[in-house]
file start_8.csv (CSV, C-alpha atoms)
chain,number,residue,atom,x,y,z
A,1,MET,CA,121.0,101.0,120.6
A,2,GLU,CA,123.3,101.2,123.6
A,3,ALA,CA,126.3,99.9,121.5
A,4,ASN,CA,125.5,102.6,118.9
A,5,ARG,CA,125.5,105.3,121.6
A,6,LYS,CA,128.9,104.1,122.9
A,7,ASP,CA,130.3,104.2,119.4
A,8,ARG,CA,129.2,107.8,119.0
A,9,LEU,CA,130.1,109.2,122.4
A,10,PRO,CA,133.8,110.2,122.7
A,11,PRO,CA,135.7,109.6,125.9
A,12,GLY,CA,134.9,111.9,128.8
A,13,GLN,CA,131.6,113.0,127.3
A,14,VAL,CA,128.1,112.8,128.8
A,15,LEU,CA,125.0,112.6,126.5
A,16,THR,CA,122.3,115.3,126.8
A,17,GLY,CA,119.1,116.0,125.0
A,18,LYS,CA,119.5,119.7,125.8
A,19,TRP,CA,121.6,122.3,123.9
A,20,PRO,CA,123.4,124.4,126.5
A,21,VAL,CA,124.2,128.0,125.7
A,22,LEU,CA,127.9,128.7,126.2
A,23,THR,CA,129.0,132.2,125.1
A,24,TYR,CA,131.8,134.5,126.0
A,25,GLY,CA,130.5,138.1,126.0
A,26,GLU,CA,127.3,139.4,124.6
A,27,THR,CA,125.4,137.7,121.8
A,28,PRO,CA,125.8,139.7,118.6
A,29,LEU,CA,122.6,140.5,116.7
A,30,PRO,CA,123.6,141.5,113.2
A,31,VAL,CA,120.9,143.0,111.0
A,32,LEU,CA,120.7,140.9,107.9
A,33,LYS,CA,120.5,143.8,105.5
A,34,ASP,CA,124.0,144.9,106.8
A,35,TRP,CA,125.4,141.3,107.3
A,36,ARG,CA,128.5,140.5,105.2
A,37,PHE,CA,130.6,137.4,104.7
A,38,ARG,CA,134.2,138.0,103.6
A,39,LEU,CA,136.5,135.6,101.8
A,40,PHE,CA,140.1,136.9,102.0
A,41,GLY,CA,143.8,136.2,102.6
A,42,ARG,CA,145.7,133.8,100.5
A,43,VAL,CA,143.1,133.6,97.8
A,44,GLY,CA,142.9,134.3,94.1
A,45,ARG,CA,139.7,136.2,94.5
A,46,GLU,CA,138.6,138.2,97.5
A,47,ARG,CA,134.9,138.5,97.9
A,48,THR,CA,132.3,139.9,100.2
A,49,LEU,CA,128.8,138.4,100.1
A,50,THR,CA,125.6,139.9,101.3
A,51,TRP,CA,123.0,137.7,103.1
A,52,ASP,CA,121.0,137.4,99.9
A,53,GLU,CA,124.1,136.4,97.9
A,54,PHE,CA,125.0,133.9,100.6
A,55,MET,CA,121.5,132.4,100.6
A,56,ALA,CA,121.6,132.0,96.8
A,57,LEU,CA,124.5,129.5,97.1
A,58,PRO,CA,123.7,125.8,96.9
A,59,LYS,CA,122.3,124.4,100.2
A,60,VAL,CA,122.4,121.0,101.9
A,61,GLU,CA,120.9,119.2,104.9
A,62,ARG,CA,123.1,117.3,107.2
A,63,THR,CA,122.7,115.4,110.5
A,64,SER,CA,125.6,115.3,113.0
A,65,ASP,CA,126.5,115.0,116.6
A,66,ILE,CA,127.8,117.9,118.7
A,67,HIS,CA,130.7,117.3,121.2
A,68,CYS,CA,131.4,120.3,123.5
A,69,VAL,CA,134.8,120.7,125.2
A,70,THR,CA,132.9,121.2,128.4
A,71,ARG,CA,132.1,117.4,128.3
A,72,TRP,CA,128.5,117.2,126.9
A,73,SER,CA,127.4,115.7,123.6
A,74,ARG,CA,124.1,116.0,121.8
A,75,PHE,CA,123.3,113.5,119.1
A,76,ALA,CA,121.4,113.8,115.8
A,77,ASN,CA,121.3,117.6,115.2
A,78,ARG,CA,119.7,118.4,111.8
A,79,TRP,CA,121.3,121.3,110.0
A,80,GLU,CA,120.6,123.2,106.8
A,81,GLY,CA,123.2,125.4,105.3
A,82,VAL,CA,125.8,126.0,102.6
A,83,PRO,CA,128.6,123.4,102.2
A,84,ALA,CA,131.9,124.9,103.2
A,85,LYS,CA,133.3,123.6,100.0
A,86,GLU,CA,131.2,126.1,98.1
A,87,LEU,CA,132.8,129.0,99.8
A,88,VAL,CA,136.3,127.6,99.3
A,89,THR,CA,135.6,127.3,95.6
A,90,LEU,CA,134.4,130.9,95.5
A,91,ALA,CA,137.6,132.1,97.2
A,92,GLU,CA,139.9,130.2,94.8
A,93,PRO,CA,142.6,129.6,97.5
A,94,LEU,CA,146.2,129.9,96.4
A,95,PRO,CA,148.3,126.7,96.5
A,96,ALA,CA,150.1,127.9,99.7
A,97,ALA,CA,146.8,128.2,101.6
A,98,SER,CA,146.7,125.3,104.0
A,99,PHE,CA,144.8,126.8,107.0
A,100,VAL,CA,141.8,129.0,107.5
A,101,MET,CA,140.8,131.4,110.3
A,102,VAL,CA,137.0,131.5,110.7
A,103,HIS,CA,135.9,135.0,111.7
A,104,GLY,CA,132.7,135.8,113.5
A,105,TYR,CA,130.8,138.8,114.8
A,106,GLY,CA,132.0,139.8,118.3
A,107,ASP,CA,135.6,139.4,117.2
A,108,TYR,CA,135.4,135.6,117.7
A,109,THR,CA,137.9,133.5,115.6
A,110,THR,CA,138.9,129.9,115.4
A,111,ASN,CA,141.6,128.2,113.3
A,112,LEU,CA,141.2,125.1,111.1
A,113,PRO,CA,143.3,123.2,108.6
A,114,LEU,CA,141.9,123.8,105.2
A,115,GLU,CA,141.4,120.0,104.7
A,116,ALA,CA,139.0,120.0,107.8
A,117,LEU,CA,136.9,122.7,106.1
A,118,LEU,CA,136.7,120.5,102.9
A,119,GLU,CA,135.1,117.5,104.6
A,120,ASP,CA,131.7,116.6,103.1
A,121,ASP,CA,129.8,117.1,106.4
A,122,VAL,CA,131.1,120.6,107.1
A,123,LEU,CA,128.7,123.4,106.4
A,124,PHE,CA,127.7,127.0,107.3
A,125,ALA,CA,124.3,126.4,109.0
A,126,PHE,CA,121.5,128.9,109.2
A,127,LYS,CA,118.9,126.3,110.4
A,128,HIS,CA,118.9,123.8,113.2
A,129,ASP,CA,116.3,121.0,113.7
A,130,GLY,CA,114.0,122.6,111.1
A,131,GLY,CA,114.0,126.2,112.4
A,132,PRO,CA,116.2,129.3,112.1
A,133,LEU,CA,119.4,129.1,114.0
A,134,GLU,CA,118.8,131.1,117.2
A,135,PRO,CA,121.3,133.9,118.0
A,136,ASP,CA,122.4,132.3,121.3
A,137,HIS,CA,123.5,129.3,119.3
A,138,GLY,CA,125.3,131.3,116.6
A,139,GLY,CA,122.6,132.6,114.3
A,140,PRO,CA,122.2,133.8,111.8
A,141,LEU,CA,125.1,131.6,110.6
A,142,ARG,CA,127.5,129.3,112.3
A,143,LEU,CA,130.1,126.9,111.0
A,144,VAL,CA,129.5,123.2,111.8
A,145,VAL,CA,132.6,120.9,111.9
A,146,PRO,CA,131.2,117.6,113.3
A,147,ARG,CA,134.6,115.9,113.7
A,148,LEU,CA,136.0,118.5,116.1
A,149,TYR,CA,134.9,119.9,119.5
A,150,PHE,CA,132.1,122.4,119.0
A,151,TRP,CA,134.2,125.5,119.7
A,152,LYS,CA,135.7,124.9,116.2
A,153,SER,CA,132.2,125.4,114.8
A,154,ALA,CA,132.4,129.1,115.1
A,155,LYS,CA,129.3,131.1,116.0
A,156,TRP,CA,128.1,134.2,114.2
A,157,ALA,CA,130.3,133.4,111.2
A,158,ASN,CA,131.1,136.3,108.9
A,159,GLY,CA,134.3,135.4,107.1
A,160,LEU,CA,137.0,133.0,106.1
A,161,GLU,CA,140.7,134.1,106.0
A,162,PHE,CA,142.9,131.7,104.1
A,163,MET,CA,146.4,131.4,105.5
A,164,ASP,CA,149.7,129.7,104.6
A,165,ARG,CA,150.5,128.8,108.2
A,166,ASP,CA,148.5,128.0,111.3
A,167,ARG,CA,147.6,130.7,113.7
A,168,ALA,CA,145.7,130.6,117.0
A,169,GLY,CA,142.1,131.9,117.1
A,170,PHE,CA,140.3,133.4,120.1
A,171,TRP,CA,139.8,130.1,122.2
A,172,GLU,CA,143.2,128.7,121.1
A,173,ARG,CA,145.0,131.9,122.4
A,174,ASN,CA,143.1,131.3,125.7
A,175,GLY,CA,144.4,127.8,126.2
A,176,TYR,CA,142.2,125.5,124.0
A,177,HIS,CA,143.9,123.0,121.8
A,178,MET,CA,145.0,124.0,118.3
A,179,HIS,CA,143.1,121.0,116.7
A,180,GLY,CA,140.3,119.9,119.0
A,181,ASP,CA,139.7,116.2,118.3
A,182,PRO,CA,137.1,114.9,120.8
A,183,TRP,CA,138.1,111.2,120.2
A,184,THR,CA,141.6,111.9,121.5
A,185,GLU,CA,140.4,114.5,124.0
A,186,GLU,CA,142.4,117.4,122.6
A,187,ARG,CA,140.7,119.8,124.9
A,188,HIS,CA,143.5,122.1,126.1
A,189,SER,CA,147.0,123.0,125.2
A,190,GLY,CA,149.5,121.8,127.8
A,191,TRP,CA,147.1,121.7,130.8
call {"tool": "encode", "arguments": {"input": "start_8.csv", "output": "structure tokens"}}
result
Amino acid sequence: MEANRKDRLPPGQVLTGKWPVLTYGETPLPVLKDWRFRLFGRVGRERTLTWDEFMALPKVERTSDIHCVTRWSRFANRWEGVPAKELVTLAEPLPAASFVMVHGYGDYTTNLPLEALLEDDVLFAFKHDGGPLEPDHGGPLRLVVPRLYFWKSAKWANGLEFMDRDRAGFWERNGYHMHGDPWTEERHSGW
């Protein structure tokens, strides 16, 4: 078991059973009847989904580890949500679209290469460990990108903007790395 833990724990990380709450600003509390998820930018078909339309999309369950840039990791998180691939398919990205900006309530954003969004384990989660995703942890919906530091798994997700070039999101503009690979400790840009 110890060897398995070492294989799963990136350099500089400490394993925890807790899930610390780290938020900049107040926790948004969108009302589901007013909630919207927008697909826009370099796409063949812009769309805006209601919560009911979003919940009608195919769903999956996935288990993944969390690696936070603040140096903690939490193993074996169970998620239920919509595969990110489903939303990419709905948007019909143009051939030039190679990056996405994930938008969230509270004006939070983070950038990703489109190829990262298309990984099989990436989903927009509305459940965690069998229960609804709590607002402090990004509920009602957050992106989960297991291969990157957890700030790339945007809380309170409400849109995907497809782009033909990379652009810094909220945390990246404030000094975090543009990519965020925990295995190579891509924590900060230039410091």
call {"tool": "closest_residue", "arguments": {"input": "start_8.csv", "among": "A:Pro28, A:Gly169, A:Pro83, A:Pro58", "to": "Ala125 (chain A)", "atoms": "only C-alpha atoms"}}
result
A:Pro83
call {"tool": "closest_residue", "arguments": {"input": "start_8.csv", "among": "A:Arg147, A:His179, A:Arg47, A:His137", "to": "Arg8 (chain A)", "atoms": "all atoms listed in the file"}}
result
A:Arg147
call {"tool": "atom_distance", "arguments": {"input": "start_8.csv", "atom1": "CA of Asp129 (chain A)", "atom2": "CA of Leu49 (chain A)"}}
result
25.4 Å
call {"tool": "residues_around", "arguments": {"input": "start_8.csv", "residues": "region 149-162 of chain A", "least_positions_apart": "4", "cutoff": "8 Å", "atoms": "only C-alpha atoms", "output": "PDB file with C-alpha atoms, in the frame of the given file"}}
result
ATOM      1  CA  PRO A  28     125.800 139.700 118.600  1.00  0.00           C
ATOM      2  CA  TRP A  35     125.400 141.300 107.300  1.00  0.00           C
ATOM      3  CA  ARG A  36     128.500 140.500 105.200  1.00  0.00           C
ATOM      4  CA  PHE A  37     130.600 137.400 104.700  1.00  0.00           C
ATOM      5  CA  ARG A  38     134.200 138.000 103.600  1.00  0.00           C
ATOM      6  CA  LEU A  39     136.500 135.600 101.800  1.00  0.00           C
ATOM      7  CA  PHE A  40     140.100 136.900 102.000  1.00  0.00           C
ATOM      8  CA  GLY A  41     143.800 136.200 102.600  1.00  0.00           C
ATOM      9  CA  ARG A  42     145.700 133.800 100.500  1.00  0.00           C
ATOM     10  CA  VAL A  43     143.100 133.600  97.800  1.00  0.00           C
ATOM     11  CA  ILE A  66     127.800 117.900 118.700  1.00  0.00           C
ATOM     12  CA  HIS A  67     130.700 117.300 121.200  1.00  0.00           C
ATOM     13  CA  CYS A  68     131.400 120.300 123.500  1.00  0.00           C
ATOM     14  CA  VAL A  69     134.800 120.700 125.200  1.00  0.00           C
ATOM     15  CA  PRO A  93     142.600 129.600  97.500  1.00  0.00           C
ATOM     16  CA  ALA A  97     146.800 128.200 101.600  1.00  0.00           C
ATOM     17  CA  SER A  98     146.700 125.300 104.000  1.00  0.00           C
ATOM     18  CA  PHE A  99     144.800 126.800 107.000  1.00  0.00           C
ATOM     19  CA  VAL A 100     141.800 129.000 107.500  1.00  0.00           C
ATOM     20  CA  MET A 101     140.800 131.400 110.300  1.00  0.00           C
ATOM     21  CA  VAL A 102     137.000 131.500 110.700  1.00  0.00           C
ATOM     22  CA  HIS A 103     135.900 135.000 111.700  1.00  0.00           C
ATOM     23  CA  GLY A 104     132.700 135.800 113.500  1.00  0.00           C
ATOM     24  CA  TYR A 105     130.800 138.800 114.800  1.00  0.00           C
ATOM     25  CA  GLY A 106     132.000 139.800 118.300  1.00  0.00           C
ATOM     26  CA  TYR A 108     135.400 135.600 117.700  1.00  0.00           C
ATOM     27  CA  THR A 109     137.900 133.500 115.600  1.00  0.00           C
ATOM     28  CA  THR A 110     138.900 129.900 115.400  1.00  0.00           C
ATOM     29  CA  ASN A 111     141.600 128.200 113.300  1.00  0.00           C
ATOM     30  CA  LEU A 112     141.200 125.100 111.100  1.00  0.00           C
ATOM     31  CA  PHE A 124     127.700 127.000 107.300  1.00  0.00           C
ATOM     32  CA  PRO A 135     121.300 133.900 118.000  1.00  0.00           C
ATOM     33  CA  HIS A 137     123.500 129.300 119.300  1.00  0.00           C
ATOM     34  CA  GLY A 138     125.300 131.300 116.600  1.00  0.00           C
ATOM     35  CA  GLY A 139     122.600 132.600 114.300  1.00  0.00           C
ATOM     36  CA  PRO A 140     122.200 133.800 111.800  1.00  0.00           C
ATOM     37  CA  LEU A 141     125.100 131.600 110.600  1.00  0.00           C
ATOM     38  CA  ARG A 142     127.500 129.300 112.300  1.00  0.00           C
ATOM     39  CA  LEU A 143     130.100 126.900 111.000  1.00  0.00           C
ATOM     40  CA  VAL A 144     129.500 123.200 111.800  1.00  0.00           C
ATOM     41  CA  VAL A 145     132.600 120.900 111.900  1.00  0.00           C
ATOM     42  CA  TRP A 171     139.800 130.100 122.200  1.00  0.00           C
ATOM     43  CA  GLY A 180     140.300 119.900 119.000  1.00  0.00           C
ATOM     44  CA  ASP A 181     139.700 116.200 118.300  1.00  0.00           C
ATOM     45  CA  PRO A 182     137.100 114.900 120.800  1.00  0.00           C
ATOM     46  CA  ARG A 187     140.700 119.800 124.900  1.00  0.00           C
TER      47      ARG A 187
END
call {"tool": "closest_residue", "arguments": {"input": "start_8.csv", "among": "A:Glu185, A:Glu46, A:Glu172, A:Asp107", "to": "Thr27 (chain A)", "atoms": "only C-alpha atoms"}}
result
A:Asp107
call {"tool": "closest_residue", "arguments": {"input": "start_8.csv", "among": "A:Gly25, A:Gly131, A:Trp183, A:Lys85", "to": "Glu115 (chain A)", "atoms": "all atoms listed in the file"}}
result
A:Lys85
call {"tool": "residues_around", "arguments": {"input": "start_8.csv", "residues": "Ser64 (chain A)", "least_positions_apart": "3", "cutoff": "8 Å", "atoms": "all atoms listed in the file", "output": "PDB file with C-alpha atoms, in the frame of the given file"}}
result
ATOM      1  CA  PHE A  75     123.300 113.500 119.100  1.00  0.00           C
ATOM      2  CA  ALA A  76     121.400 113.800 115.800  1.00  0.00           C
ATOM      3  CA  ASN A  77     121.300 117.600 115.200  1.00  0.00           C
ATOM      4  CA  ARG A  78     119.700 118.400 111.800  1.00  0.00           C
ATOM      5  CA  TRP A  79     121.300 121.300 110.000  1.00  0.00           C
ATOM      6  CA  PRO A 146     131.200 117.600 113.300  1.00  0.00           C
TER       7      PRO A 146
END
call {"tool": "atom_distance", "arguments": {"input": "start_8.csv", "atom1": "CA of Arg62 (chain A)", "atom2": "CA of Glu80 (chain A)"}}
result
6.4 Å
call {"tool": "decode", "arguments": {"input": "start_8.csv", "residues": "region 11-51 of chain A", "atoms": "N, CA and C atoms", "output": "short mmCIF file (atom, residue, chain, number, x, y, z; two decimals), in the first residue's frame"}}
result
data_model
loop_
_atom_site.label_atom_id
_atom_site.label_comp_id
_atom_site.auth_asym_id
_atom_site.auth_seq_id
_atom_site.Cartn_x
_atom_site.Cartn_y
_atom_site.Cartn_z
N PRO A 11 5.52 15.12 -6.17
CA PRO A 11 6.56 15.72 -5.35
C PRO A 11 6.04 16.97 -4.62
N GLY A 12 6.47 17.12 -3.37
CA GLY A 12 6.11 18.31 -2.61
C GLY A 12 4.73 18.29 -2.01
N GLN A 13 3.98 17.19 -2.17
CA GLN A 13 2.61 17.11 -1.67
C GLN A 13 2.55 16.31 -0.37
N VAL A 14 1.54 16.59 0.47
CA VAL A 14 1.28 15.86 1.70
C VAL A 14 -0.14 15.30 1.60
N LEU A 15 -0.29 14.03 1.93
CA LEU A 15 -1.59 13.36 1.85
C LEU A 15 -2.48 13.78 3.02
N THR A 16 -3.76 14.07 2.74
CA THR A 16 -4.74 14.39 3.77
C THR A 16 -6.03 13.64 3.49
N GLY A 17 -6.78 13.37 4.53
CA GLY A 17 -8.11 12.79 4.38
C GLY A 17 -9.18 13.87 4.35
N LYS A 18 -8.78 15.10 4.70
CA LYS A 18 -9.71 16.22 4.70
C LYS A 18 -9.78 16.84 3.32
N TRP A 19 -10.75 17.71 3.13
CA TRP A 19 -10.85 18.48 1.89
C TRP A 19 -10.91 19.94 2.31
N PRO A 20 -9.74 20.59 2.40
CA PRO A 20 -9.73 22.00 2.81
C PRO A 20 -10.51 22.88 1.84
N VAL A 21 -11.13 23.92 2.39
CA VAL A 21 -11.86 24.89 1.57
C VAL A 21 -10.94 26.08 1.31
N LEU A 22 -10.63 26.31 0.05
CA LEU A 22 -9.80 27.43 -0.36
C LEU A 22 -10.57 28.22 -1.40
N THR A 23 -10.89 29.45 -1.07
CA THR A 23 -11.70 30.29 -1.95
C THR A 23 -11.20 31.72 -1.88
N TYR A 24 -11.22 32.38 -3.01
CA TYR A 24 -10.95 33.81 -3.05
C TYR A 24 -12.29 34.52 -3.17
N GLY A 25 -12.63 35.34 -2.20
CA GLY A 25 -13.91 36.04 -2.25
C GLY A 25 -15.02 35.19 -1.65
N GLU A 26 -16.23 35.66 -1.84
CA GLU A 26 -17.41 34.98 -1.29
C GLU A 26 -17.82 33.80 -2.17
N THR A 27 -18.44 32.82 -1.55
CA THR A 27 -18.95 31.66 -2.26
C THR A 27 -20.23 32.02 -2.99
N PRO A 28 -20.24 31.92 -4.33
CA PRO A 28 -21.49 32.19 -5.07
C PRO A 28 -22.54 31.13 -4.75
N LEU A 29 -23.78 31.55 -4.72
CA LEU A 29 -24.89 30.63 -4.46
C LEU A 29 -25.96 30.81 -5.53
N PRO A 30 -25.67 30.36 -6.77
CA PRO A 30 -26.65 30.53 -7.84
C PRO A 30 -27.92 29.72 -7.58
N VAL A 31 -29.03 30.30 -7.97
CA VAL A 31 -30.33 29.61 -7.87
C VAL A 31 -30.46 28.75 -9.13
N LEU A 32 -30.74 27.46 -8.95
CA LEU A 32 -30.73 26.54 -10.09
C LEU A 32 -31.73 26.92 -11.18
N LYS A 33 -32.85 27.50 -10.84
CA LYS A 33 -33.81 27.88 -11.89
C LYS A 33 -33.25 29.01 -12.77
N ASP A 34 -32.28 29.75 -12.26
CA ASP A 34 -31.65 30.83 -13.02
C ASP A 34 -30.27 30.46 -13.57
N TRP A 35 -29.76 29.31 -13.16
CA TRP A 35 -28.42 28.86 -13.53
C TRP A 35 -28.35 28.62 -15.04
N ARG A 36 -27.24 29.02 -15.65
CA ARG A 36 -27.00 28.80 -17.09
C ARG A 36 -25.57 28.38 -17.31
N PHE A 37 -25.36 27.57 -18.35
CA PHE A 37 -24.03 27.14 -18.77
C PHE A 37 -23.89 27.50 -20.25
N ARG A 38 -22.92 28.35 -20.54
CA ARG A 38 -22.77 28.88 -21.89
C ARG A 38 -21.59 28.23 -22.62
N LEU A 39 -21.79 27.86 -23.87
CA LEU A 39 -20.75 27.36 -24.77
C LEU A 39 -20.60 28.41 -25.86
N PHE A 40 -19.40 29.01 -25.98
CA PHE A 40 -19.26 30.13 -26.91
C PHE A 40 -17.80 30.29 -27.35
N GLY A 41 -17.57 31.28 -28.20
CA GLY A 41 -16.23 31.55 -28.73
C GLY A 41 -16.07 30.94 -30.10
N ARG A 42 -14.95 30.26 -30.31
CA ARG A 42 -14.61 29.67 -31.61
C ARG A 42 -15.34 28.33 -31.77
N VAL A 43 -16.65 28.44 -31.92
CA VAL A 43 -17.50 27.25 -32.03
C VAL A 43 -18.42 27.37 -33.24
N GLY A 44 -18.88 26.23 -33.71
CA GLY A 44 -19.84 26.21 -34.79
C GLY A 44 -21.25 26.44 -34.29
N ARG A 45 -21.45 26.25 -32.98
CA ARG A 45 -22.80 26.37 -32.44
C ARG A 45 -22.75 26.88 -31.00
N GLU A 46 -23.03 28.16 -30.82
CA GLU A 46 -23.12 28.69 -29.46
C GLU A 46 -24.40 28.18 -28.82
N ARG A 47 -24.30 27.83 -27.55
CA ARG A 47 -25.46 27.30 -26.82
C ARG A 47 -25.44 27.81 -25.39
N THR A 48 -26.62 27.91 -24.82
CA THR A 48 -26.77 28.19 -23.40
C THR A 48 -27.72 27.16 -22.83
N LEU A 49 -27.24 26.40 -21.84
CA LEU A 49 -28.02 25.32 -21.25
C LEU A 49 -28.57 25.73 -19.90
N THR A 50 -29.81 25.36 -19.61
CA THR A 50 -30.37 25.51 -18.28
C THR A 50 -29.86 24.34 -17.42
N TRP A 51 -30.13 24.39 -16.12
CA TRP A 51 -29.74 23.29 -15.25
C TRP A 51 -30.43 22.00 -15.68
#
